[in-house]
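Shown next, in structure tokens, is the structure this report addresses.
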Amino acid sequence: MPDDASTGDAEFVDFWNTVLVPKFIKFKHVLVDGLTHHSEAIFPNLKVKEGDRVLDVGCGFGDTAMKLAQRVGLEGRVLGVDCCDAFMDYGRRAAAEEGYENVSFENGDVMVMPFEPEYDFVFSRFGTMFFSNPVWAMRNMRTAMKPGATMTHIVWRDRDDNPWLNMAKEVVLRFLPPPGEDALTCGPGPFSMASQEMVTGMMKSAGYHNIKFERVDAPVLVGRSVEDAIDFQLSIGPAGEVFREAGDEAEEKRHEIEAALAEAIDGQKKEADGIVMDSSSWVISATNPGG
Ligand SMILES: C[S@@+](CC[C@H](N)C(=O)[O-])C[C@H]1O[C@@H](n2cnc3c(N)ncnc32)[C@H](O)[C@@H]1O
């Protein structure tokens, strides 16, 4: 990890904007609607009250920013920040259509965005795992917090507790080599903050106090059908990365890989809206000293 991260995450930001945004738009029904359990479960207990100023970091399409805007009411304000213009445009459009007057969106790299200590609450659902230097980024997020303010972020727990992402990777690795050192990625990746001990150390280094972990286990939608789930797995996440990096070899073996994935996915639980698998996250809360 670099000691000096002052130039931000330009390389990853570019990858998010060019490679991942179209895939996130295509699979919004999985990545946003399918994962809401992980925020829904804890939303009622968040330390947010009417009139608060709230920052939502790596807010994606802006759905959590809008939920937070309901909590703070018209006396409060929510700012959603993300490094992808397309997500910010989507958030602005959705907020205008739904009549929110207390939420706004700003494009920026959270590693280096300048903040003032004006927020009562800082939130991030599945945003903090992708910074190249999470200590640096979380320290910067803390500069946005008033003394005594709370930060809550949600990150994925271990691979083994997240078969919805890991199972497909294991299937794909039966056919293709793992990505090399120089693979193009979106950052450290979904399991980079799974270790409670390591994240506690990171957050202490970033200056947070009262660091607490809560485990949330929830089923997630992985696709509306087996075909949709295969398409999702080969497009995004750990399996998608192996497939993308293998290039021509992956395309040559696409048929076999899809058949193996179909068998594995077909064995999963089916509900009215599609195929559902287990997942597990940490909800981590901490305070800014002072106050
Ligand atoms: C997995 S998505 C989560 C999005 C949203 N919070 C949700 O739960 O649907 C991670 C988000 O972090 C954003 N992101 C990644 N690196 C960032 C950075 N350096 N600065 C700002 N946003 C970043 C991405 O653009 C993406 O929208």
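Naming scheme: A, B, ... for chains in displayed order of the structure tokens; residues 1 onward per chain; ligands 1 onward as shown.
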With only C-alpha atoms and all ligand atoms counted and 8 Å as the cut-off, give the residues of chain A in contact with ligand 1, each with its shortest interatomic distance in Å and the pair that gives it, as a Markdown table.
```
| residue | atom | partner | partner_atom_place_in_ligand_line | distance |
| --- | --- | --- | --- | --- |
| A:Gly8 | CA | ligand 1 | 19 (N) | 6.8 |
| A:Asp9 | CA | ligand 1 | 19 (N) | 5.2 |
| A:Ala10 | CA | ligand 1 | 19 (N) | 7.7 |
| A:Phe12 | CA | ligand 1 | 16 (N) | 6.7 |
| A:Val13 | CA | ligand 1 | 16 (N) | 6.0 |
| A:Trp16 | CA | ligand 1 | 25 (O) | 5.7 |
| A:Asn17 | CA | ligand 1 | 25 (O) | 7.2 |
| A:Val21 | CA | ligand 1 | 25 (O) | 7.6 |
| A:Leu31 | CA | ligand 1 | 9 (O) | 6.3 |
| A:Val32 | CA | ligand 1 | 9 (O) | 4.8 |
| A:Leu35 | CA | ligand 1 | 8 (O) | 7.5 |
| A:Thr36 | CA | ligand 1 | 8 (O) | 7.7 |
| A:Asp56 | CA | ligand 1 | 6 (N) | 7.7 |
| A:Val57 | CA | ligand 1 | 22 (N) | 6.5 |
| A:Gly58 | CA | ligand 1 | 12 (O) | 3.7 |
| A:Cys59 | CA | ligand 1 | 6 (N) | 3.9 |
| A:Gly60 | CA | ligand 1 | 27 (O) | 3.5 |
| A:Phe61 | CA | ligand 1 | 9 (O) | 6.3 |
| A:Gly62 | CA | ligand 1 | 5 (C) | 7.0 |
| A:Asp63 | CA | ligand 1 | 9 (O) | 7.2 |
| A:Thr64 | CA | ligand 1 | 6 (N) | 7.1 |
| A:Val81 | CA | ligand 1 | 21 (C) | 6.3 |
| A:Asp82 | CA | ligand 1 | 22 (N) | 3.7 |
| A:Cys83 | CA | ligand 1 | 21 (C) | 4.1 |
| A:Cys84 | CA | ligand 1 | 25 (O) | 5.0 |
| A:Phe87 | CA | ligand 1 | 27 (O) | 6.8 |
| A:Asn107 | CA | ligand 1 | 21 (C) | 7.5 |
| A:Gly108 | CA | ligand 1 | 21 (C) | 5.6 |
| A:Asp109 | CA | ligand 1 | 20 (N) | 3.5 |
| A:Val110 | CA | ligand 1 | 20 (N) | 3.9 |
| A:Met111 | CA | ligand 1 | 19 (N) | 5.4 |
| A:Ser124 | CA | ligand 1 | 6 (N) | 5.8 |
| A:Arg125 | CA | ligand 1 | 6 (N) | 4.3 |
| A:Phe126 | CA | ligand 1 | 3 (C) | 4.7 |
| A:Gly127 | CA | ligand 1 | 10 (C) | 4.2 |
| A:Thr128 | CA | ligand 1 | 12 (O) | 7.0 |
| A:Met129 | CA | ligand 1 | 10 (C) | 7.8 |
| A:Phe130 | CA | ligand 1 | 16 (N) | 5.3 |
| A:Phe131 | CA | ligand 1 | 19 (N) | 5.5 |
| A:Ser132 | CA | ligand 1 | 19 (N) | 7.8 |
| A:Ala137 | CA | ligand 1 | 19 (N) | 7.8 |
| A:Cys186 | CA | ligand 1 | 15 (C) | 7.2 |
| A:Gly187 | CA | ligand 1 | 16 (N) | 7.4 |
| A:Pro190 | CA | ligand 1 | 1 (C) | 7.8 |
```
Can you list every residue of segment 188-209 of chain A that has an atom at most 7 Å from segment 154-173 of chain A, with its nearest atom pair and the distance in Å to one decimal, using only C-alpha atoms, ordered by chain then number, as JSON lines?
```
{"residue": "A:Pro190", "atom": "CA", "partner": "A:Trp156", "partner_atom": "CA", "distance": 6.2}
{"residue": "A:Phe191", "atom": "CA", "partner": "A:Trp156", "partner_atom": "CA", "distance": 5.8}
{"residue": "A:Met193", "atom": "CA", "partner": "A:Val155", "partner_atom": "CA", "distance": 6.4}
{"residue": "A:Ala194", "atom": "CA", "partner": "A:Arg157", "partner_atom": "CA", "distance": 4.3}
```
- Query: Residues at most 8 Å from Ile275 of chain A, counting only C-alpha atoms, excluding those fewer than 3 positions away in the same chain, as a ChimeraX atom specification?
  - Reply: /A:221-226,229,265,268-271
Keeping only N, CA and C atoms, write those residues as an mmCIF file, in the first residue's frame.
```cif
data_model
loop_
_atom_site.group_PDB
_atom_site.id
_atom_site.type_symbol
_atom_site.label_atom_id
_atom_site.label_comp_id
_atom_site.auth_asym_id
_atom_site.auth_seq_id
_atom_site.Cartn_x
_atom_site.Cartn_y
_atom_site.Cartn_z
ATOM 1 N N LEU A 221 -30.378 -11.836 -4.386
ATOM 2 C CA LEU A 221 -30.796 -12.275 -5.718
ATOM 3 C C LEU A 221 -29.559 -12.317 -6.618
ATOM 4 N N VAL A 222 -29.317 -13.434 -7.305
ATOM 5 C CA VAL A 222 -28.162 -13.476 -8.213
ATOM 6 C C VAL A 222 -28.581 -13.445 -9.683
ATOM 7 N N GLY A 223 -29.868 -13.452 -9.922
ATOM 8 C CA GLY A 223 -30.341 -13.356 -11.306
ATOM 9 C C GLY A 223 -31.816 -13.721 -11.363
ATOM 10 N N ARG A 224 -32.499 -13.211 -12.400
ATOM 11 C CA ARG A 224 -33.937 -13.514 -12.536
ATOM 12 C C ARG A 224 -34.151 -14.944 -13.027
ATOM 13 N N SER A 225 -33.115 -15.460 -13.714
ATOM 14 C CA SER A 225 -33.183 -16.825 -14.239
ATOM 15 C C SER A 225 -31.757 -17.381 -14.216
ATOM 16 N N VAL A 226 -31.596 -18.665 -14.525
ATOM 17 C CA VAL A 226 -30.246 -19.252 -14.561
ATOM 18 C C VAL A 226 -29.394 -18.502 -15.588
ATOM 19 N N ALA A 229 -28.313 -15.188 -14.243
ATOM 20 C CA ALA A 229 -27.295 -15.348 -13.199
ATOM 21 C C ALA A 229 -25.931 -15.668 -13.820
ATOM 22 N N ILE A 265 -25.635 -23.253 -10.610
ATOM 23 C CA ILE A 265 -26.632 -22.233 -10.252
ATOM 24 C C ILE A 265 -28.033 -22.846 -10.188
ATOM 25 N N GLN A 268 -29.383 -23.939 -6.858
ATOM 26 C CA GLN A 268 -29.627 -22.953 -5.796
ATOM 27 C C GLN A 268 -31.117 -22.728 -5.583
ATOM 28 N N LYS A 269 -31.400 -22.011 -4.487
ATOM 29 C CA LYS A 269 -32.797 -21.758 -4.119
ATOM 30 C C LYS A 269 -33.480 -20.835 -5.139
ATOM 31 N N LYS A 270 -34.740 -21.158 -5.453
ATOM 32 C CA LYS A 270 -35.466 -20.289 -6.401
ATOM 33 C C LYS A 270 -36.649 -19.651 -5.685
ATOM 34 N N GLU A 271 -36.761 -18.328 -5.841
ATOM 35 C CA GLU A 271 -37.907 -17.627 -5.269
ATOM 36 C C GLU A 271 -38.669 -16.941 -6.396
#
```
- Message: Would you compute the distance between atom CA of Ile284 of chain A and atom CA of Ala65 of chain A? Give it in Å to one decimal.
- Response: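 It comes out at 17.8 Å.
The helix (DSSP H, G or I) portion of segment 112-188 of chain A consists of Thr128, Met129, Phe130, Pro134, Val135, Trp136, Ala137, Met138, Arg139, Asn140, Met141, Arg142, Arg159, Asp160, Asp161, Pro163, Trp164, Leu165, Asn166, Met167, Ala168, Lys169, Glu170, Val171, Val172 and Leu173 of chain A, with states taken from DSSP on the backbone.
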Only N, CA and C atoms, please: the residues just picked out, written as a PDB file, in the first residue's frame.
```pdb
ATOM      1  N   THR A 128     -16.349   1.171   0.531  1.00  0.00           N
ATOM      2  CA  THR A 128     -14.980   1.373   1.054  1.00  0.00           C
ATOM      3  C   THR A 128     -13.995   0.263   0.665  1.00  0.00           C
ATOM      4  N   MET A 129     -14.502  -0.843   0.089  1.00  0.00           N
ATOM      5  CA  MET A 129     -13.607  -1.974  -0.218  1.00  0.00           C
ATOM      6  C   MET A 129     -12.783  -1.746  -1.479  1.00  0.00           C
ATOM      7  N   PHE A 130     -13.084  -0.646  -2.190  1.00  0.00           N
ATOM      8  CA  PHE A 130     -12.461  -0.486  -3.507  1.00  0.00           C
ATOM      9  C   PHE A 130     -11.388   0.592  -3.571  1.00  0.00           C
ATOM     10  N   PRO A 134      -7.251   2.245   1.705  1.00  0.00           N
ATOM     11  CA  PRO A 134      -8.454   2.468   2.512  1.00  0.00           C
ATOM     12  C   PRO A 134      -8.200   3.331   3.743  1.00  0.00           C
ATOM     13  N   VAL A 135      -6.995   3.240   4.322  1.00  0.00           N
ATOM     14  CA  VAL A 135      -6.714   4.068   5.511  1.00  0.00           C
ATOM     15  C   VAL A 135      -6.749   5.538   5.115  1.00  0.00           C
ATOM     16  N   TRP A 136      -6.113   5.825   4.007  1.00  0.00           N
ATOM     17  CA  TRP A 136      -6.071   7.206   3.501  1.00  0.00           C
ATOM     18  C   TRP A 136      -7.496   7.697   3.233  1.00  0.00           C
ATOM     19  N   ALA A 137      -8.283   6.862   2.535  1.00  0.00           N
ATOM     20  CA  ALA A 137      -9.652   7.261   2.170  1.00  0.00           C
ATOM     21  C   ALA A 137     -10.520   7.436   3.414  1.00  0.00           C
ATOM     22  N   MET A 138     -10.403   6.501   4.371  1.00  0.00           N
ATOM     23  CA  MET A 138     -11.255   6.611   5.572  1.00  0.00           C
ATOM     24  C   MET A 138     -10.824   7.799   6.435  1.00  0.00           C
ATOM     25  N   ARG A 139      -9.534   8.126   6.376  1.00  0.00           N
ATOM     26  CA  ARG A 139      -9.065   9.329   7.092  1.00  0.00           C
ATOM     27  C   ARG A 139      -9.673  10.573   6.440  1.00  0.00           C
ATOM     28  N   ASN A 140      -9.706  10.549   5.114  1.00  0.00           N
ATOM     29  CA  ASN A 140     -10.321  11.688   4.412  1.00  0.00           C
ATOM     30  C   ASN A 140     -11.815  11.779   4.720  1.00  0.00           C
ATOM     31  N   MET A 141     -12.490  10.615   4.775  1.00  0.00           N
ATOM     32  CA  MET A 141     -13.917  10.622   5.136  1.00  0.00           C
ATOM     33  C   MET A 141     -14.104  11.216   6.535  1.00  0.00           C
ATOM     34  N   ARG A 142     -13.162  10.942   7.422  1.00  0.00           N
ATOM     35  CA  ARG A 142     -13.280  11.463   8.798  1.00  0.00           C
ATOM     36  C   ARG A 142     -13.169  12.986   8.827  1.00  0.00           C
ATOM     37  N   ARG A 159     -14.994 -14.857   1.927  1.00  0.00           N
ATOM     38  CA  ARG A 159     -15.426 -15.560   0.698  1.00  0.00           C
ATOM     39  C   ARG A 159     -16.353 -16.733   1.008  1.00  0.00           C
ATOM     40  N   ASP A 160     -15.934 -17.548   2.014  1.00  0.00           N
ATOM     41  CA  ASP A 160     -16.688 -18.775   2.287  1.00  0.00           C
ATOM     42  C   ASP A 160     -18.121 -18.487   2.707  1.00  0.00           C
ATOM     43  N   ASP A 161     -18.355 -17.309   3.274  1.00  0.00           N
ATOM     44  CA  ASP A 161     -19.711 -16.946   3.696  1.00  0.00           C
ATOM     45  C   ASP A 161     -20.451 -16.197   2.594  1.00  0.00           C
ATOM     46  N   PRO A 163     -21.088 -17.326  -0.909  1.00  0.00           N
ATOM     47  CA  PRO A 163     -21.103 -18.175  -2.110  1.00  0.00           C
ATOM     48  C   PRO A 163     -21.700 -17.465  -3.323  1.00  0.00           C
ATOM     49  N   TRP A 164     -22.511 -16.448  -3.117  1.00  0.00           N
ATOM     50  CA  TRP A 164     -23.131 -15.740  -4.255  1.00  0.00           C
ATOM     51  C   TRP A 164     -22.071 -15.151  -5.169  1.00  0.00           C
ATOM     52  N   LEU A 165     -20.860 -14.847  -4.632  1.00  0.00           N
ATOM     53  CA  LEU A 165     -19.763 -14.358  -5.478  1.00  0.00           C
ATOM     54  C   LEU A 165     -18.691 -15.419  -5.669  1.00  0.00           C
ATOM     55  N   ASN A 166     -18.469 -16.204  -4.604  1.00  0.00           N
ATOM     56  CA  ASN A 166     -17.308 -17.084  -4.630  1.00  0.00           C
ATOM     57  C   ASN A 166     -17.528 -18.387  -5.385  1.00  0.00           C
ATOM     58  N   MET A 167     -18.748 -18.907  -5.338  1.00  0.00           N
ATOM     59  CA  MET A 167     -19.011 -20.193  -5.975  1.00  0.00           C
ATOM     60  C   MET A 167     -18.704 -20.139  -7.479  1.00  0.00           C
ATOM     61  N   ALA A 168     -19.175 -19.063  -8.123  1.00  0.00           N
ATOM     62  CA  ALA A 168     -18.961 -18.961  -9.571  1.00  0.00           C
ATOM     63  C   ALA A 168     -17.473 -18.836  -9.892  1.00  0.00           C
ATOM     64  N   LYS A 169     -16.727 -18.120  -9.036  1.00  0.00           N
ATOM     65  CA  LYS A 169     -15.288 -17.988  -9.296  1.00  0.00           C
ATOM     66  C   LYS A 169     -14.627 -19.368  -9.259  1.00  0.00           C
ATOM     67  N   GLU A 170     -15.019 -20.175  -8.252  1.00  0.00           N
ATOM     68  CA  GLU A 170     -14.419 -21.510  -8.161  1.00  0.00           C
ATOM     69  C   GLU A 170     -14.741 -22.342  -9.400  1.00  0.00           C
ATOM     70  N   VAL A 171     -15.955 -22.213  -9.895  1.00  0.00           N
ATOM     71  CA  VAL A 171     -16.335 -22.962 -11.113  1.00  0.00           C
ATOM     72  C   VAL A 171     -15.461 -22.491 -12.281  1.00  0.00           C
ATOM     73  N   VAL A 172     -15.353 -21.170 -12.448  1.00  0.00           N
ATOM     74  CA  VAL A 172     -14.609 -20.624 -13.593  1.00  0.00           C
ATOM     75  C   VAL A 172     -13.121 -21.007 -13.498  1.00  0.00           C
ATOM     76  N   LEU A 173     -12.592 -21.063 -12.279  1.00  0.00           N
ATOM     77  CA  LEU A 173     -11.174 -21.418 -12.109  1.00  0.00           C
ATOM     78  C   LEU A 173     -10.879 -22.882 -12.451  1.00  0.00           C
TER      79      LEU A 173
END
```
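Using only C-alpha atoms, the smallest distance between any of A:Ala69, A:His255, A:Ser6, A:Asn45 and Tyr100 of chain A comes from A:Ala69.
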- segment 146-234 of chain A: residues DSSP assigns to strand (DSSP E or B), reported as a ChimeraX atom specification: /A:146-156,209-223
